[in-house]
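Below is entry04.cif, holding mmCIF, C-alpha atoms.
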```
data_start
#
loop_
_atom_site.label_atom_id
_atom_site.label_comp_id
_atom_site.auth_asym_id
_atom_site.auth_seq_id
_atom_site.Cartn_x
_atom_site.Cartn_y
_atom_site.Cartn_z
CA MET A 1 0.00 0.00 0.00
CA PRO A 2 1.69 3.27 -1.08
CA ILE A 3 1.78 6.26 1.21
CA PRO A 4 2.31 9.91 0.18
CA LYS A 5 5.99 10.87 0.23
CA HIS A 6 5.22 14.57 0.38
CA TYR A 7 2.48 14.34 2.98
CA ILE A 8 1.71 17.64 4.69
CA PRO A 9 -0.31 16.98 7.85
CA ASP A 10 -3.37 18.98 8.72
CA PRO A 11 -2.86 21.21 11.76
CA GLY A 12 -3.36 19.18 14.91
CA VAL A 13 -3.51 15.81 13.14
CA LEU A 14 -1.47 14.28 15.99
CA ARG A 15 -3.22 16.20 18.75
CA GLY A 16 -3.82 14.05 21.81
CA ARG A 17 -1.23 11.47 20.79
CA VAL A 18 1.79 10.57 22.91
CA ILE A 19 4.78 9.78 20.70
CA MET A 20 8.25 8.73 21.79
CA VAL A 21 11.22 9.35 19.50
CA THR A 22 14.65 7.87 20.22
CA GLY A 23 17.72 9.71 19.03
CA ALA A 24 15.77 12.92 19.58
CA SER A 25 18.79 15.01 20.54
CA GLY A 26 19.97 15.54 16.95
CA GLY A 27 19.75 14.63 13.28
CA PHE A 28 16.57 13.08 12.00
CA GLY A 29 15.27 12.26 15.50
CA ARG A 30 15.34 15.93 16.47
CA ALA A 31 13.69 17.02 13.23
CA LEU A 32 10.93 14.42 13.53
CA SER A 33 10.31 15.34 17.17
CA LEU A 34 9.76 18.97 16.17
CA GLU A 35 7.45 17.99 13.31
CA CYS A 36 5.41 15.72 15.60
CA ALA A 37 5.11 18.57 18.09
CA ARG A 38 3.99 20.96 15.34
CA ALA A 39 1.29 18.43 14.45
CA GLY A 40 0.02 18.52 18.04
CA ALA A 41 1.62 15.47 19.64
CA SER A 42 2.99 15.26 23.16
CA VAL A 43 6.51 14.14 22.33
CA ILE A 44 8.70 12.07 24.65
CA LEU A 45 12.27 12.97 23.73
CA SER A 46 14.67 10.09 24.27
CA GLY A 47 18.44 10.23 23.89
CA ARG A 48 21.70 10.03 25.76
CA ASN A 49 22.71 13.72 25.76
CA GLY A 50 20.71 15.57 28.37
CA THR A 51 21.92 19.02 27.34
CA LYS A 52 20.87 18.49 23.72
CA LEU A 53 17.52 17.04 24.78
CA ASP A 54 16.95 20.15 26.88
CA GLY A 55 17.59 22.22 23.77
CA VAL A 56 14.99 20.32 21.73
CA TYR A 57 12.58 20.58 24.66
CA ASP A 58 12.98 24.36 24.62
CA GLU A 59 12.47 24.48 20.85
CA ILE A 60 9.19 22.62 21.19
CA LYS A 61 8.04 24.86 24.01
CA ALA A 62 8.83 27.89 21.84
CA LEU A 63 6.49 26.51 19.17
CA GLY A 64 3.59 26.66 21.60
CA ALA A 65 3.14 22.91 21.11
CA PRO A 66 2.00 20.50 23.84
CA GLN A 67 4.54 20.17 26.63
CA PRO A 68 7.11 17.51 25.75
CA ALA A 69 8.84 15.14 28.14
CA ILE A 70 12.44 13.99 28.37
CA ALA A 71 13.43 10.35 28.76
CA LYS A 72 17.21 10.30 28.98
CA LEU A 73 18.43 6.84 28.03
CA ASP A 74 21.81 5.70 26.76
CA LEU A 75 21.01 2.70 24.58
CA ALA A 76 24.63 1.54 24.69
CA SER A 77 24.64 1.07 28.45
CA ALA A 78 21.00 0.96 29.61
CA THR A 79 20.15 -1.85 32.03
CA ALA A 80 16.93 -3.77 32.58
CA VAL A 81 16.22 -1.45 35.51
CA ASP A 82 16.51 1.58 33.20
CA TYR A 83 14.09 0.12 30.66
CA ASP A 84 11.58 -0.93 33.30
CA HIS A 85 11.76 2.50 34.93
CA LEU A 86 11.08 4.18 31.58
CA ALA A 87 8.06 1.97 30.90
CA LYS A 88 6.64 2.63 34.36
CA THR A 89 7.21 6.38 34.07
CA ILE A 90 5.35 6.54 30.74
CA ALA A 91 2.50 4.48 32.20
CA ASP A 92 2.29 6.72 35.28
CA GLU A 93 2.59 10.03 33.39
CA PHE A 94 0.57 9.30 30.24
CA GLY A 95 -1.21 5.99 30.73
CA ARG A 96 -0.38 4.86 27.21
CA LEU A 97 1.93 5.29 24.24
CA ASP A 98 0.48 6.07 20.81
CA GLY A 99 3.69 6.13 18.79
CA LEU A 100 7.25 4.84 19.04
CA VAL A 101 9.87 5.82 16.47
CA HIS A 102 13.29 4.16 16.65
CA ALA A 103 15.49 6.90 15.16
CA ALA A 104 18.63 6.40 17.29
CA ALA A 105 21.50 4.72 15.46
CA LEU A 106 25.28 4.46 15.23
CA LEU A 107 27.13 4.38 11.91
CA GLY A 108 30.20 2.48 13.12
CA ASP A 109 33.18 1.90 10.86
CA ARG A 110 33.20 2.02 7.04
CA THR A 111 35.85 -0.68 6.70
CA PRO A 112 36.08 -4.19 5.22
CA LEU A 113 34.68 -6.96 7.39
CA GLU A 114 38.16 -8.48 7.49
CA HIS A 115 39.42 -5.47 9.45
CA TYR A 116 36.26 -4.45 11.30
CA ASP A 117 36.86 -3.64 14.98
CA VAL A 118 34.98 -6.27 16.98
CA PRO A 119 34.04 -4.05 19.99
CA THR A 120 32.66 -1.46 17.56
CA TRP A 121 30.70 -4.18 15.78
CA CYS A 122 29.13 -5.30 19.05
CA ARG A 123 28.27 -1.74 20.10
CA VAL A 124 26.63 -0.87 16.77
CA LEU A 125 24.57 -4.06 16.76
CA HIS A 126 23.48 -3.42 20.32
CA VAL A 127 22.41 0.20 19.83
CA ASN A 128 20.88 -0.27 16.38
CA LEU A 129 19.23 -3.67 16.78
CA THR A 130 19.16 -5.14 20.27
CA ALA A 131 18.15 -1.93 22.07
CA PRO A 132 15.16 -1.20 19.77
CA PHE A 133 13.99 -4.78 20.29
CA ILE A 134 14.24 -4.42 24.08
CA LEU A 135 12.59 -1.00 24.09
CA THR A 136 9.68 -2.18 21.97
CA GLN A 137 9.22 -5.24 24.15
CA VAL A 138 9.09 -3.32 27.44
CA LEU A 139 6.83 -0.63 25.98
CA LEU A 140 4.28 -3.02 24.47
CA PRO A 141 1.95 -2.77 27.48
CA ASN A 142 1.86 1.01 27.04
CA LEU A 143 1.27 0.61 23.29
CA ARG A 144 -1.55 -1.83 23.99
CA ASN A 145 -3.21 0.83 26.14
CA SER A 146 -3.56 3.01 23.04
CA THR A 147 -6.55 2.72 20.73
CA ASP A 148 -4.30 3.44 17.73
CA ALA A 149 -0.58 2.77 18.25
CA SER A 150 2.14 2.99 15.62
CA VAL A 151 5.69 1.59 15.87
CA ILE A 152 8.19 2.74 13.24
CA PHE A 153 11.71 1.45 12.75
CA VAL A 154 13.95 3.89 10.86
CA SER A 155 15.45 1.81 8.08
CA SER A 156 18.08 2.40 5.41
CA GLY A 157 18.64 1.84 1.72
CA VAL A 158 21.40 -0.64 2.57
CA VAL A 159 18.79 -3.27 3.42
CA LYS A 160 17.53 -3.29 -0.18
CA ASN A 161 20.87 -2.67 -1.86
CA GLN A 162 23.60 -4.61 -0.09
CA ARG A 163 26.97 -2.95 -0.59
CA PRO A 164 30.50 -3.57 0.70
CA PHE A 165 32.09 -1.66 3.57
CA TRP A 166 28.87 -0.91 5.45
CA GLY A 167 29.69 -3.41 8.17
CA ALA A 168 27.66 -3.60 11.35
CA TYR A 169 25.37 -0.73 10.31
CA ALA A 170 24.03 -2.67 7.32
CA VAL A 171 23.72 -5.87 9.33
CA SER A 172 21.84 -4.09 12.13
CA LYS A 173 19.40 -2.41 9.73
CA SER A 174 18.77 -5.71 7.95
CA GLY A 175 18.12 -7.27 11.35
CA LEU A 176 15.60 -4.55 12.17
CA GLU A 177 13.66 -5.47 9.05
CA SER A 178 13.35 -9.01 10.41
CA VAL A 179 12.16 -7.64 13.75
CA ARG A 180 9.61 -5.44 11.97
CA SER A 181 8.32 -8.33 9.88
CA MET A 182 8.05 -10.79 12.77
CA LEU A 183 6.53 -8.31 15.21
CA SER A 184 3.91 -7.10 12.75
CA GLN A 185 2.83 -10.68 12.11
CA GLU A 186 2.84 -11.63 15.78
CA LEU A 187 0.62 -8.63 16.59
CA GLU A 188 -1.58 -9.09 13.54
CA SER A 189 -4.64 -9.89 15.64
CA GLU A 190 -4.23 -6.67 17.66
CA GLU A 191 -5.72 -4.13 15.28
CA ASN A 192 -4.80 -1.21 17.52
CA ILE A 193 -1.03 -1.72 16.96
CA ARG A 194 0.75 -1.39 13.63
CA VAL A 195 4.46 -1.92 12.94
CA ASN A 196 6.27 -0.53 9.90
CA SER A 197 9.68 0.69 8.78
CA VAL A 198 10.65 3.75 6.76
CA ASN A 199 13.89 4.56 5.01
CA PRO A 200 14.26 8.35 5.15
CA GLY A 201 16.92 8.30 2.41
CA ARG A 202 19.58 10.92 1.77
CA MET A 203 19.39 13.87 4.14
CA ARG A 204 21.56 16.53 5.71
CA THR A 205 22.70 14.95 8.98
CA GLY A 206 25.93 14.34 10.82
CA MET A 207 25.70 10.60 10.16
CA ARG A 208 25.39 11.20 6.41
CA ALA A 209 28.42 13.51 6.54
CA ALA A 210 30.43 10.84 8.34
CA ALA A 211 29.43 8.21 5.77
CA TYR A 212 30.06 10.46 2.77
CA PRO A 213 32.64 13.07 3.82
CA ALA A 214 33.23 14.31 0.26
CA GLU A 215 29.53 14.99 -0.39
CA ASP A 216 28.25 18.56 -0.50
CA PRO A 217 25.61 18.74 2.27
CA ASN A 218 23.87 21.61 0.47
CA THR A 219 22.77 19.12 -2.20
CA LEU A 220 20.81 17.09 0.36
CA PRO A 221 17.27 17.58 1.65
CA SER A 222 16.78 18.63 5.24
CA PRO A 223 15.68 15.98 7.74
CA ALA A 224 12.37 17.79 8.30
CA SER A 225 11.55 17.61 4.59
CA VAL A 226 11.46 13.80 4.62
CA ALA A 227 9.33 13.46 7.77
CA GLY A 228 6.02 13.26 5.88
CA PRO A 229 5.71 9.46 5.63
CA PHE A 230 6.52 9.12 9.33
CA LEU A 231 3.80 11.62 10.28
CA TYR A 232 1.38 9.80 7.99
CA LEU A 233 2.04 6.46 9.66
CA LEU A 234 1.90 7.96 13.16
CA GLY A 235 -1.46 9.61 12.53
CA PRO A 236 -4.98 8.37 11.83
CA HIS A 237 -4.32 7.98 8.09
CA GLY A 238 -1.84 5.21 8.84
CA ARG A 239 -4.36 2.99 10.56
CA GLY A 240 -4.53 -0.41 8.91
CA ILE A 241 -1.05 -0.18 7.39
CA ASN A 242 1.02 -2.90 9.00
CA GLY A 243 4.18 -4.86 8.28
CA GLU A 244 5.41 -2.65 5.44
CA TYR A 245 8.71 -1.07 4.38
CA PHE A 246 8.58 2.39 2.79
CA ASP A 247 11.02 4.76 1.15
CA ALA A 248 10.48 8.38 2.17
CA GLN A 249 12.02 9.71 -1.06
#
```

Whole structure, structure tokens version:
Amino acid sequence: MPIPKHYIPDPGVLRGRVIMVTGASGGFGRALSLECARAGASVILSGRNGTKLDGVYDEIKALGAPQPAIAKLDLASATAVDYDHLAKTIADEFGRLDGLVHAAALLGDRTPLEHYDVPTWCRVLHVNLTAPFILTQVLLPNLRNSTDASVIFVSSGVVKNQRPFWGAYAVSKSGLESVRSMLSQELESEENIRVNSVNPGRMRTGMRAAAYPAEDPNTLPSPASVAGPFLYLLGPHGRGINGEYFDAQ
């Protein structure tokens, strides 16, 4: 089922919805958090850098949008206690979770597998694959409390076009596609929860600059400009769309 790539949400289309975005301190996560807030959502900003999260919080407040919340969480080192505390806090403060977007990710090394640093490999796989799995699992009770919940895994073009030298990043994103597929099928009978993935494509972020240092960033779209498909899937128009992979561009 196609979705509009240049979707412009109606004002307040996400009003009343509680949406958590990981990696919200910068890059695409920050941009999407701001766009969700503009659309009326109460955004839970999750990331590891408290100072940067405070900055995004202030930006949202300046928009006159619903008051956001901060959920500081370092996916590389979070323990079971940290995850359980987050789930309980969301339940106590909001009673439910209407949207969960896994935007946090590490690029890792762009080197041949033969020379890939093993500790870096383990860290990238943990942050990009294992942590989103854990987070989704512990937050499922909160998602079930919503009448219309949407889970989105931020994907990448490397899952459709396997290329050399992408190492743990490509493996982790391919793994997320398996998680998305399995979870959507396992929750198929629960019509109030949908699970999809979206590849935002080329955009002007620090991760893109690290991956392509010779590329002119001025030739790339801004992260906010590719947020449309995410907003579509998070809102009422996305209801009934489940288990799909989409390209935002």

Show me, as a count of residues only, the residues that have an atom within 12 Å of A:Ser146 when counting only C-alpha atoms, minus same-chain residues fewer than 3 positions from it. 25

Which residues of stretch 87-139 of chain A have any atom within 12 Å of an atom in stretch 207-218 of chain A when counting only C-alpha atoms, and what is the closest pair of atoms for each, with the distance in Å to one decimal? Order the rows by chain and rising number and write it as JSON lines.
```
{"residue": "A:Ala103", "atom": "CA", "partner": "A:Met207", "partner_atom": "CA", "distance": 12.0}
{"residue": "A:Ala104", "atom": "CA", "partner": "A:Met207", "partner_atom": "CA", "distance": 10.9}
{"residue": "A:Ala105", "atom": "CA", "partner": "A:Met207", "partner_atom": "CA", "distance": 9.0}
{"residue": "A:Leu106", "atom": "CA", "partner": "A:Met207", "partner_atom": "CA", "distance": 8.0}
{"residue": "A:Leu107", "atom": "CA", "partner": "A:Met207", "partner_atom": "CA", "distance": 6.6}
{"residue": "A:Gly108", "atom": "CA", "partner": "A:Ala211", "partner_atom": "CA", "distance": 9.4}
{"residue": "A:Asp109", "atom": "CA", "partner": "A:Ala211", "partner_atom": "CA", "distance": 8.9}
{"residue": "A:Arg110", "atom": "CA", "partner": "A:Ala211", "partner_atom": "CA", "distance": 7.4}
{"residue": "A:Thr111", "atom": "CA", "partner": "A:Ala211", "partner_atom": "CA", "distance": 11.0}
```

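Of the residues listed (A:Gln137, A:Thr22, A:Asn196, A:Thr120), A:Thr120 shows the shortest atom-to-atom separation from A:Ala168; distances use only C-alpha atoms.
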
Nearest to A:Met203, chosen from A:Ile60, A:Leu86, A:Leu187, A:Ala31, with only C-alpha atoms counted in the distances: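 So, comparing all the options, the nearest one is A:Ala31.
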
Ref. answer, residues at most 9 Å from (11.7, -0.6, 26.6) with all atoms listed in the file, as JSON, numbers by chain: {"A": [80, 82, 83, 84, 85, 86, 87, 131, 132, 133, 134, 135, 136, 137, 138, 139, 140]}

Report as a PyMOL selection string the full result of the PyMOL selection byres ((chain A and resi 171) around 10) when it is applied to this structure. chain A and resi 121+124-125+128-129+158-159+162+166-170+172-176

In Å and to one decimal, atom CA of A:Phe28 is distant from atom CA of A:Ser225 by 10.0 Å

Which neighbours of A:Leu53 fall inside 9 Å, counting all atoms listed in the file, when residues of the same chain fewer than 2 positions from it are skipped, and could you give them as a PyMOL selection string? chain A and resi 24-26+30+45-51+55-58+70-72

Please produce an output containing C-alpha atoms for each residue in the selection, written as a short mmCIF file (atom, residue, chain, number, x, y, z; two decimals), in the coordinates of the input.
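Ended up saving to result.cif:
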```
data_model
loop_
_atom_site.label_atom_id
_atom_site.label_comp_id
_atom_site.auth_asym_id
_atom_site.auth_seq_id
_atom_site.Cartn_x
_atom_site.Cartn_y
_atom_site.Cartn_z
CA ALA A 24 15.77 12.92 19.58
CA SER A 25 18.79 15.01 20.54
CA GLY A 26 19.97 15.54 16.95
CA ARG A 30 15.34 15.93 16.47
CA LEU A 45 12.27 12.97 23.73
CA SER A 46 14.67 10.09 24.27
CA GLY A 47 18.44 10.23 23.89
CA ARG A 48 21.70 10.03 25.76
CA ASN A 49 22.71 13.72 25.76
CA GLY A 50 20.71 15.57 28.37
CA THR A 51 21.92 19.02 27.34
CA GLY A 55 17.59 22.22 23.77
CA VAL A 56 14.99 20.32 21.73
CA TYR A 57 12.58 20.58 24.66
CA ASP A 58 12.98 24.36 24.62
CA ILE A 70 12.44 13.99 28.37
CA ALA A 71 13.43 10.35 28.76
CA LYS A 72 17.21 10.30 28.98
#
```

Which distance in Å separates atom CA of A:Pro164 and atom CA of A:Ser178, to one decimal?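 Calculated distance between atom CA of A:Pro164 and atom CA of A:Ser178 is 20.4 Å.
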
So the first atom is atom CA of A:Gln249 and the second is atom CA of A:Gly235; what is the distance between them in Å, to one decimal place?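 These two atoms are separated by 19.1 Å.
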
Determine, counting only C-alpha atoms, which protein, DNA and RNA residues have an atom within 7 Å of an atom of stretch 36-38 of chain A; residues of the same chain fewer than 2 positions away are not included. Present the result as a list in words. Leu32, Ser33, Leu34, Gly40, Ala41, Ser42, Val43, Ile60, Ala65, Pro66 and Leu231 of chain A

Nearest candidate to A:Phe246 (options A:Val118, A:Met182, A:Ile8, A:Ile152; using only C-alpha atoms):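 Of A:Val118, A:Met182, A:Ile8, A:Ile152, the one nearest A:Phe246, counting only C-alpha atoms, is A:Ile152.
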
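Restricting the calculation to all atoms listed in the file, the smallest distance between A:Arg204 and any of A:Gly27, A:Tyr245, A:Gly12, A:Gly157 is found for A:Gly27.
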
With distances taken over all atoms listed in the file, which of A:Pro11, A:Ser222, A:Val179, A:Thr147 is nearest to A:Arg239?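 Answer, going by the shortest atom-to-atom distance: A:Thr147.
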
Let me have the centre and edge lengths in Å, one decimal, of the box along x, y and z around every listed atom of stretch 120-125 of chain A with 5 Å of margin on each side, as JSON.
```
{"center_x": 28.6, "center_y": -3.1, "center_z": 17.9, "size_x": 18.1, "size_y": 14.4, "size_z": 14.3}
```

With only C-alpha atoms as the basis for distance, which of A:Gly23, A:Pro68, A:Gly201, A:Pro223 is at the shortest distance from A:His102?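 Distance minimum relative to A:His102 lands on A:Gly23.
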
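For A:Pro200, the non-local neighbours within 7 Å, defined as residues at least 2 positions apart in the same chain or in other chains and counting only C-alpha atoms, are Val198, Arg202, Val226, Asp247, Ala248 and Gln249 of chain A.
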
Determine, counting only C-alpha atoms, which protein, DNA and RNA residues have an atom within 9 Å of an atom of A:Ser77; residues of the same chain fewer than 3 positions away are not included. Present the result as an MDAnalysis selection string. chainID A and resid 73:74 127

I need the output of the PyMOL selection byres ((chain A and resi 7) around 7) for this file as a ChimeraX atom specification; which residues are they? /A:4-6,8-9,228-229,232
